[in-house]
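Have a look at final_1.pdb; it's PDB, C-alpha atoms:
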```
ATOM      1  CA  MET P   3      72.302   4.376  -5.873
ATOM      2  CA  ARG P   4      71.224   7.954  -5.064
ATOM      3  CA  VAL P   5      72.197  10.499  -7.721
ATOM      4  CA  LEU P   6      72.050  14.282  -7.521
ATOM      5  CA  GLY P   7      71.083  15.781 -10.899
ATOM      6  CA  ILE P   8      71.969  19.338 -11.972
ATOM      7  CA  GLU P   9      70.404  20.946 -15.065
ATOM      8  CA  THR P  10      71.670  24.380 -16.195
ATOM      9  CA  SER P  11      71.714  24.175 -19.985
ATOM     10  CA  CYS P  12      69.651  27.297 -20.695
ATOM     11  CA  ASP P  13      67.207  29.375 -18.639
ATOM     12  CA  GLU P  14      66.001  26.967 -15.956
ATOM     13  CA  THR P  15      67.912  25.729 -12.929
ATOM     14  CA  GLY P  16      66.744  22.197 -12.131
ATOM     15  CA  ILE P  17      67.948  20.043  -9.257
ATOM     16  CA  ALA P  18      66.754  16.531  -8.341
ATOM     17  CA  ILE P  19      67.715  13.416  -6.430
ATOM     18  CA  TYR P  20      66.955  10.042  -7.984
ATOM     19  CA  ASP P  21      67.288   6.678  -6.242
ATOM     20  CA  THR P  22      67.648   3.652  -8.521
ATOM     21  CA  GLU P  23      65.572   1.582  -6.062
ATOM     22  CA  GLN P  24      63.068   4.096  -4.674
ATOM     23  CA  GLY P  25      62.666   6.401  -7.671
ATOM     24  CA  LEU P  26      62.543  10.173  -7.586
ATOM     25  CA  LEU P  27      63.121  11.498  -4.057
ATOM     26  CA  SER P  28      62.959  15.256  -4.689
ATOM     27  CA  HIS P  29      63.078  17.801  -7.467
ATOM     28  CA  VAL P  30      63.095  21.596  -7.471
ATOM     29  CA  LEU P  31      63.074  24.013 -10.378
ATOM     30  CA  TYR P  32      63.710  27.723 -10.782
ATOM     31  CA  SER P  33      62.636  29.372 -14.046
ATOM     32  CA  GLN P  34      64.289  32.529 -15.357
ATOM     33  CA  VAL P  35      61.242  33.561 -17.416
ATOM     34  CA  LYS P  36      60.782  36.881 -15.589
ATOM     35  CA  LEU P  37      64.489  37.654 -15.889
ATOM     36  CA  HIS P  38      64.467  37.368 -19.691
ATOM     37  CA  ALA P  39      60.922  38.599 -20.411
ATOM     38  CA  ASP P  40      61.950  42.239 -20.951
ATOM     39  CA  TYR P  41      64.389  41.128 -23.656
ATOM     40  CA  GLY P  42      61.972  38.861 -25.535
ATOM     41  CA  GLY P  43      64.306  35.877 -25.247
ATOM     42  CA  VAL P  44      67.157  34.311 -23.315
ATOM     43  CA  VAL P  45      70.200  36.529 -22.662
ATOM     44  CA  PRO P  46      73.076  34.023 -22.197
ATOM     45  CA  GLU P  47      75.164  36.140 -19.817
ATOM     46  CA  LEU P  48      72.186  36.839 -17.551
ATOM     47  CA  ALA P  49      71.256  33.157 -17.623
ATOM     48  CA  SER P  50      74.746  32.097 -16.516
ATOM     49  CA  ARG P  51      74.854  34.609 -13.672
ATOM     50  CA  ASP P  52      71.458  33.516 -12.405
ATOM     51  CA  HIS P  53      72.543  29.858 -12.399
ATOM     52  CA  VAL P  54      75.499  30.901 -10.233
ATOM     53  CA  ARG P  55      73.097  32.466  -7.735
ATOM     54  CA  LYS P  56      70.492  29.719  -7.691
ATOM     55  CA  THR P  57      72.220  26.326  -8.103
ATOM     56  CA  LEU P  58      73.713  25.806  -4.635
ATOM     57  CA  PRO P  59      70.605  27.012  -2.723
ATOM     58  CA  LEU P  60      68.463  24.674  -4.827
ATOM     59  CA  ILE P  61      70.814  21.744  -4.128
ATOM     60  CA  GLU P  62      70.442  22.446  -0.418
ATOM     61  CA  GLN P  63      66.654  22.565  -0.826
ATOM     62  CA  ALA P  64      66.560  19.273  -2.754
ATOM     63  CA  LEU P  65      68.586  17.581  -0.006
ATOM     64  CA  ARG P  66      66.235  18.959   2.669
ATOM     65  CA  ASP P  67      63.147  17.887   0.729
ATOM     66  CA  ALA P  68      64.530  14.339   0.484
ATOM     67  CA  ASN P  69      65.642  14.393   4.133
ATOM     68  CA  LEU P  70      69.204  13.609   3.037
ATOM     69  CA  THR P  71      72.698  14.967   3.537
ATOM     70  CA  ALA P  72      75.733  14.986   1.268
ATOM     71  CA  THR P  73      76.919  11.683   2.741
ATOM     72  CA  ASP P  74      73.748  10.007   1.397
ATOM     73  CA  ILE P  75      74.557  10.904  -2.208
ATOM     74  CA  ASP P  76      76.337   8.214  -4.256
ATOM     75  CA  GLY P  77      76.963  10.161  -7.463
ATOM     76  CA  ILE P  78      76.428  13.444  -9.257
ATOM     77  CA  ALA P  79      75.048  14.019 -12.755
ATOM     78  CA  TYR P  80      75.153  17.369 -14.528
ATOM     79  CA  THR P  81      74.178  18.537 -17.988
ATOM     80  CA  ALA P  82      77.332  18.732 -20.103
ATOM     81  CA  GLY P  83      75.615  19.736 -23.378
ATOM     82  CA  PRO P  84      74.186  20.724 -25.683
ATOM     83  CA  GLY P  85      73.212  24.207 -24.509
ATOM     84  CA  LEU P  86      74.568  27.673 -23.739
ATOM     85  CA  ILE P  87      78.263  27.318 -22.930
ATOM     86  CA  GLY P  88      78.259  29.690 -19.966
ATOM     87  CA  ALA P  89      75.178  28.104 -18.427
ATOM     88  CA  LEU P  90      76.600  24.614 -18.945
ATOM     89  CA  LEU P  91      79.879  25.584 -17.306
ATOM     90  CA  VAL P  92      78.082  26.697 -14.146
ATOM     91  CA  GLY P  93      76.377  23.347 -13.605
ATOM     92  CA  ALA P  94      79.387  21.313 -14.697
ATOM     93  CA  THR P  95      81.796  23.225 -12.454
ATOM     94  CA  ILE P  96      79.521  22.934  -9.435
ATOM     95  CA  GLY P  97      78.875  19.257 -10.158
ATOM     96  CA  ARG P  98      82.560  18.426 -10.543
ATOM     97  CA  SER P  99      83.490  20.459  -7.443
ATOM     98  CA  LEU P 100      80.910  18.711  -5.274
ATOM     99  CA  ALA P 101      82.023  15.335  -6.620
ATOM    100  CA  PHE P 102      85.609  16.154  -5.696
ATOM    101  CA  GLY P 103      84.697  17.474  -2.259
ATOM    102  CA  TRP P 104      82.302  14.640  -1.460
ATOM    103  CA  GLN P 105      84.562  12.029  -3.107
ATOM    104  CA  LYS P 106      81.778  10.729  -5.332
ATOM    105  CA  PRO P 107      81.754   9.753  -9.018
ATOM    106  CA  ALA P 108      80.267  12.211 -11.503
ATOM    107  CA  ILE P 109      78.923  11.995 -15.040
ATOM    108  CA  GLY P 110      78.200  14.609 -17.699
ATOM    109  CA  VAL P 111      74.741  13.974 -19.172
ATOM    110  CA  HIS P 112      73.551  14.734 -22.694
ATOM    111  CA  HIS P 113      70.603  17.126 -22.367
ATOM    112  CA  MET P 114      68.555  15.437 -25.105
ATOM    113  CA  GLU P 115      69.197  11.973 -23.657
ATOM    114  CA  GLY P 116      67.698  13.361 -20.464
ATOM    115  CA  HIS P 117      64.579  14.418 -22.385
ATOM    116  CA  LEU P 118      64.457  11.121 -24.259
ATOM    117  CA  LEU P 119      64.510   9.113 -21.023
ATOM    118  CA  ALA P 120      62.162  11.423 -19.076
ATOM    119  CA  PRO P 121      59.077   9.212 -19.738
ATOM    120  CA  MET P 122      60.851   6.479 -17.758
ATOM    121  CA  LEU P 123      60.260   8.544 -14.630
ATOM    122  CA  GLU P 124      56.585   7.568 -14.932
ATOM    123  CA  ALA P 125      54.941   4.408 -13.591
ATOM    124  CA  THR P 126      54.361   3.037 -17.110
ATOM    125  CA  ARG P 127      57.654   2.909 -18.976
ATOM    126  CA  PRO P 128      58.263   2.254 -22.668
ATOM    127  CA  GLU P 129      60.143  -0.904 -23.567
ATOM    128  CA  PHE P 130      63.009  -0.857 -26.050
ATOM    129  CA  PRO P 131      63.066  -0.477 -28.997
ATOM    130  CA  PHE P 132      60.960   2.594 -29.742
ATOM    131  CA  ILE P 133      60.864   5.758 -31.822
ATOM    132  CA  ALA P 134      61.571   9.023 -29.976
ATOM    133  CA  LEU P 135      60.183  12.330 -31.185
ATOM    134  CA  LEU P 136      62.268  15.017 -29.489
ATOM    135  CA  VAL P 137      60.650  18.443 -29.833
ATOM    136  CA  SER P 138      62.066  21.434 -28.005
ATOM    137  CA  GLY P 139      63.183  24.990 -28.562
ATOM    138  CA  GLY P 140      66.517  23.861 -29.943
ATOM    139  CA  HIS P 141      65.841  20.413 -31.402
ATOM    140  CA  THR P 142      63.339  18.523 -33.522
ATOM    141  CA  GLN P 143      64.524  14.973 -34.092
ATOM    142  CA  LEU P 144      63.210  11.491 -34.800
ATOM    143  CA  VAL P 145      65.440   8.840 -33.242
ATOM    144  CA  GLN P 146      65.262   5.058 -33.217
ATOM    145  CA  VAL P 147      66.114   3.975 -29.677
ATOM    146  CA  ASN P 148      67.280   0.374 -29.283
ATOM    147  CA  GLY P 149      68.604   0.912 -25.748
ATOM    148  CA  ILE P 150      70.232   3.590 -23.626
ATOM    149  CA  GLY P 151      73.040   5.004 -25.748
ATOM    150  CA  GLU P 152      71.918   3.003 -28.806
ATOM    151  CA  TYR P 153      70.517   5.798 -30.942
ATOM    152  CA  GLU P 154      69.998   6.060 -34.692
ATOM    153  CA  LEU P 155      69.071   9.506 -35.978
ATOM    154  CA  LEU P 156      66.255   9.110 -38.515
ATOM    155  CA  GLY P 157      65.520  12.758 -39.191
ATOM    156  CA  GLU P 158      65.945  16.275 -37.829
ATOM    157  CA  SER P 159      65.113  19.880 -38.597
ATOM    158  CA  VAL P 160      67.267  21.456 -41.289
ATOM    159  CA  ASP P 161      66.540  24.965 -39.950
ATOM    160  CA  ASP P 162      64.318  26.161 -37.080
ATOM    161  CA  ALA P 163      63.284  23.595 -34.489
ATOM    162  CA  ALA P 164      59.547  23.313 -33.809
ATOM    163  CA  GLY P 165      59.801  25.097 -30.466
ATOM    164  CA  GLU P 166      61.920  27.859 -32.004
ATOM    165  CA  ALA P 167      59.322  28.335 -34.757
ATOM    166  CA  PHE P 168      56.563  28.536 -32.123
ATOM    167  CA  ASP P 169      58.481  31.230 -30.237
ATOM    168  CA  LYS P 170      59.332  33.263 -33.350
ATOM    169  CA  THR P 171      55.759  33.141 -34.647
ATOM    170  CA  ALA P 172      54.464  34.152 -31.237
ATOM    171  CA  LYS P 173      56.773  37.166 -31.354
ATOM    172  CA  LEU P 174      55.380  38.096 -34.791
ATOM    173  CA  LEU P 175      51.915  37.985 -33.219
ATOM    174  CA  GLY P 176      53.045  40.366 -30.502
ATOM    175  CA  LEU P 177      52.894  37.790 -27.722
ATOM    176  CA  ASP P 178      55.137  38.064 -24.689
ATOM    177  CA  TYR P 179      58.016  35.706 -23.898
ATOM    178  CA  PRO P 180      57.875  32.718 -23.575
ATOM    179  CA  GLY P 181      55.879  32.728 -26.762
ATOM    180  CA  GLY P 182      55.243  29.055 -27.508
ATOM    181  CA  PRO P 183      52.840  28.321 -24.629
ATOM    182  CA  ARG P 184      51.110  31.685 -25.182
ATOM    183  CA  LEU P 185      50.571  30.889 -28.858
ATOM    184  CA  ALA P 186      49.060  27.502 -27.948
ATOM    185  CA  LYS P 187      46.721  29.212 -25.480
ATOM    186  CA  LEU P 188      45.685  31.814 -28.048
ATOM    187  CA  ALA P 189      45.018  29.065 -30.620
ATOM    188  CA  GLU P 190      42.185  27.798 -28.411
ATOM    189  CA  GLN P 191      40.185  30.876 -29.490
ATOM    190  CA  GLY P 192      40.936  30.443 -33.190
ATOM    191  CA  VAL P 193      38.497  29.597 -35.971
ATOM    192  CA  ALA P 194      39.615  26.607 -38.008
ATOM    193  CA  GLY P 195      39.864  26.949 -41.766
ATOM    194  CA  ARG P 196      40.316  30.704 -42.082
ATOM    195  CA  PHE P 197      44.030  30.225 -42.725
ATOM    196  CA  ILE P 198      45.688  27.136 -44.174
ATOM    197  CA  PHE P 199      49.460  26.923 -43.892
ATOM    198  CA  PRO P 200      51.760  24.426 -45.654
ATOM    199  CA  ARG P 201      52.917  21.162 -44.071
ATOM    200  CA  PRO P 202      56.611  21.613 -44.964
ATOM    201  CA  MET P 203      58.642  18.767 -46.457
ATOM    202  CA  THR P 204      55.777  16.275 -46.166
ATOM    203  CA  ASP P 205      55.583  15.994 -49.954
ATOM    204  CA  LYS P 206      59.199  14.831 -50.070
ATOM    205  CA  PRO P 207      60.591  11.451 -48.987
ATOM    206  CA  GLY P 208      62.593  11.248 -45.797
ATOM    207  CA  LEU P 209      62.149  12.221 -42.180
ATOM    208  CA  ASN P 210      63.772  15.654 -41.964
ATOM    209  CA  PHE P 211      61.823  18.728 -40.872
ATOM    210  CA  SER P 212      61.773  22.395 -41.871
ATOM    211  CA  PHE P 213      59.758  25.021 -39.999
ATOM    212  CA  SER P 214      61.371  28.256 -41.192
ATOM    213  CA  GLY P 215      59.040  28.559 -44.191
ATOM    214  CA  LEU P 216      56.014  27.941 -42.005
ATOM    215  CA  LYS P 217      57.044  30.887 -39.839
ATOM    216  CA  THR P 218      57.337  32.991 -43.014
ATOM    217  CA  ALA P 219      53.824  31.958 -44.086
ATOM    218  CA  ALA P 220      52.508  33.142 -40.734
ATOM    219  CA  ALA P 221      54.376  36.453 -41.115
ATOM    220  CA  ILE P 222      52.789  37.020 -44.534
ATOM    221  CA  ALA P 223      49.318  36.242 -43.159
ATOM    222  CA  ILE P 224      49.841  38.746 -40.335
ATOM    223  CA  ALA P 225      51.041  41.439 -42.759
ATOM    224  CA  GLU P 226      48.125  40.930 -45.152
ATOM    225  CA  ASN P 227      45.282  40.528 -42.656
ATOM    226  CA  GLY P 228      46.073  42.847 -39.785
ATOM    227  CA  ASN P 229      46.683  41.887 -36.222
ATOM    228  CA  ASP P 230      43.371  42.122 -34.365
ATOM    229  CA  LEU P 231      42.749  39.586 -31.604
ATOM    230  CA  GLN P 232      40.596  37.201 -33.671
ATOM    231  CA  THR P 233      43.044  37.267 -36.572
ATOM    232  CA  GLN P 234      45.853  36.537 -34.133
ATOM    233  CA  ALA P 235      43.935  33.557 -32.755
ATOM    234  CA  ASP P 236      43.076  32.239 -36.221
ATOM    235  CA  ILE P 237      46.703  32.485 -37.366
ATOM    236  CA  ALA P 238      47.901  30.853 -34.137
ATOM    237  CA  LEU P 239      45.506  27.939 -34.663
ATOM    238  CA  ALA P 240      46.516  27.504 -38.307
ATOM    239  CA  PHE P 241      50.199  27.592 -37.383
ATOM    240  CA  GLN P 242      49.794  25.074 -34.546
ATOM    241  CA  ASP P 243      47.749  22.732 -36.743
ATOM    242  CA  ALA P 244      50.426  22.853 -39.441
ATOM    243  CA  VAL P 245      53.190  21.992 -36.962
ATOM    244  CA  VAL P 246      51.158  19.187 -35.386
ATOM    245  CA  ASP P 247      50.168  17.691 -38.754
ATOM    246  CA  THR P 248      53.772  17.839 -39.972
ATOM    247  CA  LEU P 249      55.074  16.078 -36.875
ATOM    248  CA  LEU P 250      52.364  13.401 -37.126
ATOM    249  CA  ILE P 251      53.039  12.717 -40.807
ATOM    250  CA  LYS P 252      56.736  12.236 -40.090
ATOM    251  CA  CYS P 253      56.020  10.042 -37.048
ATOM    252  CA  ARG P 254      53.780   7.786 -39.135
ATOM    253  CA  ARG P 255      56.509   7.575 -41.738
ATOM    254  CA  ALA P 256      59.139   6.672 -39.118
ATOM    255  CA  LEU P 257      56.940   3.934 -37.662
ATOM    256  CA  GLU P 258      56.279   2.483 -41.108
ATOM    257  CA  GLN P 259      59.987   2.632 -41.998
ATOM    258  CA  THR P 260      61.110   0.839 -38.827
ATOM    259  CA  GLY P 261      58.115  -1.423 -38.216
ATOM    260  CA  LEU P 262      57.974  -0.292 -34.575
ATOM    261  CA  LYS P 263      54.751   0.289 -32.632
ATOM    262  CA  ARG P 264      55.963   2.415 -29.713
ATOM    263  CA  ILE P 265      56.733   6.099 -29.749
ATOM    264  CA  VAL P 266      58.072   8.394 -27.032
ATOM    265  CA  MET P 267      57.561  12.142 -27.261
ATOM    266  CA  ALA P 268      59.644  14.449 -25.076
ATOM    267  CA  GLY P 269      60.993  17.989 -24.909
ATOM    268  CA  GLY P 270      59.288  21.289 -24.175
ATOM    269  CA  VAL P 271      56.864  21.162 -27.117
ATOM    270  CA  SER P 272      55.654  17.726 -25.968
ATOM    271  CA  ALA P 273      53.623  19.579 -23.324
ATOM    272  CA  ASN P 274      51.418  20.993 -26.113
ATOM    273  CA  VAL P 275      47.920  19.660 -25.451
ATOM    274  CA  ARG P 276      46.872  19.542 -29.114
ATOM    275  CA  LEU P 277      50.021  17.624 -30.108
ATOM    276  CA  ARG P 278      49.567  15.116 -27.280
ATOM    277  CA  ALA P 279      45.945  14.447 -28.190
ATOM    278  CA  ALA P 280      46.686  14.112 -31.895
ATOM    279  CA  LEU P 281      49.595  11.720 -31.354
ATOM    280  CA  ALA P 282      47.544   9.590 -28.948
ATOM    281  CA  GLU P 283      44.759   9.406 -31.532
ATOM    282  CA  THR P 284      47.221   8.469 -34.276
ATOM    283  CA  MET P 285      48.842   5.705 -32.215
ATOM    284  CA  ALA P 286      45.435   4.294 -31.226
ATOM    285  CA  GLU P 287      44.538   4.173 -34.904
ATOM    286  CA  LEU P 288      47.807   2.363 -35.675
ATOM    287  CA  GLY P 289      47.402  -0.049 -32.768
ATOM    288  CA  GLY P 290      50.533   1.275 -31.079
ATOM    289  CA  GLN P 291      51.515   2.960 -27.825
ATOM    290  CA  VAL P 292      52.623   6.498 -27.032
ATOM    291  CA  PHE P 293      54.527   7.636 -23.947
ATOM    292  CA  TYR P 294      55.190  11.132 -22.608
ATOM    293  CA  PRO P 295      56.619  12.582 -19.418
ATOM    294  CA  ARG P 296      54.253  14.512 -17.145
ATOM    295  CA  PRO P 297      54.080  18.207 -18.176
ATOM    296  CA  GLU P 298      56.509  19.375 -15.462
ATOM    297  CA  PHE P 299      59.155  17.038 -16.889
ATOM    298  CA  CYS P 300      58.623  18.102 -20.522
ATOM    299  CA  THR P 301      60.561  21.322 -20.072
ATOM    300  CA  ASP P 302      64.129  21.349 -18.743
ATOM    301  CA  ASN P 303      64.407  19.807 -15.271
ATOM    302  CA  GLY P 304      66.849  18.134 -12.922
ATOM    303  CA  ALA P 305      64.862  14.898 -12.605
ATOM    304  CA  MET P 306      65.623  13.783 -16.161
ATOM    305  CA  ILE P 307      69.329  14.530 -15.652
ATOM    306  CA  ALA P 308      69.419  12.633 -12.348
ATOM    307  CA  PHE P 309      67.667   9.644 -13.967
ATOM    308  CA  ALA P 310      69.865   9.543 -17.077
ATOM    309  CA  GLY P 311      72.999  10.022 -14.990
ATOM    310  CA  ALA P 312      71.962   7.272 -12.578
ATOM    311  CA  GLN P 313      71.680   4.768 -15.439
ATOM    312  CA  ARG P 314      75.210   5.503 -16.631
ATOM    313  CA  LEU P 315      76.791   5.728 -13.176
ATOM    314  CA  ALA P 316      75.164   2.431 -12.188
ATOM    315  CA  ALA P 317      76.697   0.897 -15.324
ATOM    316  CA  GLY P 318      80.163   2.033 -14.201
ATOM    317  CA  GLN P 319      80.548   5.045 -16.470
ATOM    318  CA  HIS P 320      81.899   8.318 -15.091
ATOM    319  CA  ALA P 321      83.525  11.548 -16.266
ATOM    320  CA  ASP P 322      87.149  12.590 -15.936
ATOM    321  CA  PRO P 323      87.920  15.202 -13.247
ATOM    322  CA  GLU P 324      88.422  17.891 -15.883
ATOM    323  CA  VAL P 325      85.383  20.118 -16.456
ATOM    324  CA  LYS P 326      84.216  19.602 -20.043
ATOM    325  CA  VAL P 327      81.044  20.859 -21.726
ATOM    326  CA  ARG P 328      79.852  20.579 -25.308
ATOM    327  CA  PRO P 329      77.492  23.318 -26.575
ATOM    328  CA  ARG P 330      76.983  21.112 -29.662
ATOM    329  CA  TRP P 331      76.890  17.383 -29.105
ATOM    330  CA  PRO P 332      75.351  14.817 -31.481
ATOM    331  CA  LEU P 333      73.187  12.335 -29.590
ATOM    332  CA  THR P 334      74.545   9.489 -31.705
ATOM    333  CA  GLU P 335      78.045   9.949 -30.222
ATOM    334  CA  LEU P 336      76.970   8.667 -26.812
ATOM    335  CA  PRO P 337      78.338   5.263 -25.765
ATOM    336  CA  PRO P 338      75.866   2.431 -25.076
ATOM    337  CA  LEU P 339      75.452   0.992 -21.621
TER
END
```
As a first step, turn the structure in this file into structure tokens.
Amino acid sequence: MRVLGIETSCDETGIAIYDTEQGLLSHVLYSQVKLHADYGGVVPELASRDHVRKTLPLIEQALRDANLTATDIDGIAYTAGPGLIGALLVGATIGRSLAFGWQKPAIGVHHMEGHLLAPMLEATRPEFPFIALLVSGGHTQLVQVNGIGEYELLGESVDDAAGEAFDKTAKLLGLDYPGGPRLAKLAEQGVAGRFIFPRPMTDKPGLNFSFSGLKTAAAIAIAENGNDLQTQADIALAFQDAVVDTLLIKCRRALEQTGLKRIVMAGGVSANVRLRAALAETMAELGGQVFYPRPEFCTDNGAMIAFAGAQRLAAGQHADPEVKVRPRWPLTELPPL
């Protein structure tokens, strides 16, 4: 089965074609970073309009890259949530319209399920069950995954997600949008030990996260110590170390609680080099395995949507003709295969 995937949940337009027998046939991505840079963050209306302009040309490009035509496509998958409602509606409307015109089945995909399954696009795939650490700009969650659609939420952020905290702290440091990757780059120049920030909620039982206070600690350090380049780098390093340590402590706790030895990390923050290295070291120490998607599939992309949609379409699931999106959508509400 060949599935066209459409991702338009926020500020990136991702299109891909996935074949359940041959694997990924093509994927193209357009980022709106330059469009939103002057505003210091995503402007929803501008994001939606840009998806309108870019989605169909990118679909045509993905078909050309795969040397396919519309008649070769067996199904269409589009992100139905969570995300910005206007952006979601663009992808969902185009996906449903193409499905109607091409007379193909379609499926609305949960954005975070796409991230969760993204490591399965790699040659070495995790076996079920495993723990998933989902870390992005909008979500920080620990999920026990027993199968596709069989999800148990173990813990989540009670305020800012890790990626959101990265971006907000970067803005406090005067870094340009997108701030998270720029903060991680700046941290490479930092001196360890000059600043020590708290590891929030690690002294309490449970697997929930909180990063709002960590951002406040960084703001206080900036206010009290100035904002020269070395101070910026030292604060960036201390902030990144605190986030990484917090995530690792909670991952260890989740593995101990469930008795599992496999962990998947996905979402935009999973591209962070320091976090990847630290988690790999932790899992080696515990005698377990860690799986991530390649960096280009950590951020939003069409390949993860095409893959997730292909699994559900192949199992006989499909969406009603009506266009429906869900800006908020608990992962645990998804049906199992």
Take CA of His141 in chain P and CA of Asn274 in chain P and report the distance between them in Å, one decimal.
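Computed distance, CA of His141 in chain P to CA of Asn274 in chain P, equals 15.4 Å.
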Near-range 60-74 of chain P list (8 Å; all atoms listed in the file; drop same-chain fewer than 4 positions) as a list in words
Arg4, Gly16, Ile17, Ala18, Ile19, Leu27, Ser28, His29, Val30, Leu31, Lys56 and Trp104 of chain P
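Of the listed residues P:Gln34, P:Gln313, P:Ser159, P:Gln146, the one whose atoms come nearest to Phe132 in chain P is P:Gln146, with distances taken using all atoms listed in the file.
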Hey, what comes out of the PyMOL selection byres ((chain P and resi 285) around 12) on this file? Could you write it as a PyMOL selection string?
chain P and resi 250-251+253-254+257+262-267+278-284+286-293
Would you list the contacts of Asp322 in chain P as number ranges by chain, taking every protein, DNA or RNA residue within 9 Å and counting only C-alpha atoms, but skipping same-chain residues closer than 3 positions in sequence?
P: 108-109, 325-326
Find the residue from P:Phe309, P:Phe213, P:Tyr294, P:Tyr179 that sits nearest to Gly42 in chain P; use only C-alpha atoms when measuring.
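When distances to Gly42 in chain P are compared using only C-alpha atoms, the smallest one comes from P:Tyr179.
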For range 76-86 of chain P, find every residue with an atom within 7 Å (counting all atoms listed in the file), except residues of its own chain fewer than 3 positions away, and show them as a PyMOL selection string.
chain P and resi 3-12+46+89-90+93-94+97+101+106-113+307-308+311+326-331
Kindly save the residues from that selection, with C-alpha atoms included, as a PDB file, in the coordinates of the input.
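The result, stored in part-v2.pdb:
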```
ATOM      1  CA  MET P   3      72.302   4.376  -5.873  1.00  0.00           C
ATOM      2  CA  ARG P   4      71.224   7.954  -5.064  1.00  0.00           C
ATOM      3  CA  VAL P   5      72.197  10.499  -7.721  1.00  0.00           C
ATOM      4  CA  LEU P   6      72.050  14.282  -7.521  1.00  0.00           C
ATOM      5  CA  GLY P   7      71.083  15.781 -10.899  1.00  0.00           C
ATOM      6  CA  ILE P   8      71.969  19.338 -11.972  1.00  0.00           C
ATOM      7  CA  GLU P   9      70.404  20.946 -15.065  1.00  0.00           C
ATOM      8  CA  THR P  10      71.670  24.380 -16.195  1.00  0.00           C
ATOM      9  CA  SER P  11      71.714  24.175 -19.985  1.00  0.00           C
ATOM     10  CA  CYS P  12      69.651  27.297 -20.695  1.00  0.00           C
ATOM     11  CA  PRO P  46      73.076  34.023 -22.197  1.00  0.00           C
ATOM     12  CA  ALA P  89      75.178  28.104 -18.427  1.00  0.00           C
ATOM     13  CA  LEU P  90      76.600  24.614 -18.945  1.00  0.00           C
ATOM     14  CA  GLY P  93      76.377  23.347 -13.605  1.00  0.00           C
ATOM     15  CA  ALA P  94      79.387  21.313 -14.697  1.00  0.00           C
ATOM     16  CA  GLY P  97      78.875  19.257 -10.158  1.00  0.00           C
ATOM     17  CA  ALA P 101      82.023  15.335  -6.620  1.00  0.00           C
ATOM     18  CA  LYS P 106      81.778  10.729  -5.332  1.00  0.00           C
ATOM     19  CA  PRO P 107      81.754   9.753  -9.018  1.00  0.00           C
ATOM     20  CA  ALA P 108      80.267  12.211 -11.503  1.00  0.00           C
ATOM     21  CA  ILE P 109      78.923  11.995 -15.040  1.00  0.00           C
ATOM     22  CA  GLY P 110      78.200  14.609 -17.699  1.00  0.00           C
ATOM     23  CA  VAL P 111      74.741  13.974 -19.172  1.00  0.00           C
ATOM     24  CA  HIS P 112      73.551  14.734 -22.694  1.00  0.00           C
ATOM     25  CA  HIS P 113      70.603  17.126 -22.367  1.00  0.00           C
ATOM     26  CA  ILE P 307      69.329  14.530 -15.652  1.00  0.00           C
ATOM     27  CA  ALA P 308      69.419  12.633 -12.348  1.00  0.00           C
ATOM     28  CA  GLY P 311      72.999  10.022 -14.990  1.00  0.00           C
ATOM     29  CA  LYS P 326      84.216  19.602 -20.043  1.00  0.00           C
ATOM     30  CA  VAL P 327      81.044  20.859 -21.726  1.00  0.00           C
ATOM     31  CA  ARG P 328      79.852  20.579 -25.308  1.00  0.00           C
ATOM     32  CA  PRO P 329      77.492  23.318 -26.575  1.00  0.00           C
ATOM     33  CA  ARG P 330      76.983  21.112 -29.662  1.00  0.00           C
ATOM     34  CA  TRP P 331      76.890  17.383 -29.105  1.00  0.00           C
TER      35      TRP P 331
END
```
Quick one: residues within 12 Å of Leu118 in chain P, all atoms listed in the file counted, chain neighbours fewer than 5 positions away excluded, as a PyMOL selection string?
chain P and resi 111-113+123+127-128+132-138+141-147+149-153+265-270+272+293-295+299-302+306-307+309-310+333
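Between Ala316 in chain P and the candidates P:Asp13, P:Glu23, P:Glu124, P:Asp169, the tightest atom-to-atom separation, counting all atoms listed in the file, involves P:Glu23.
You can rank P:Leu37, P:Ala312, P:Ala244, P:Ala256 by their closest distance to Ile75 in chain P using all atoms listed in the file, and at the top of that list sits P:Ala312.
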So how far away is CA of Met114 in chain P from CA of Val44 in chain P, in Å?
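Atom-to-atom, CA of Val44 in chain P and CA of Met114 in chain P are spaced 19.0 Å apart.
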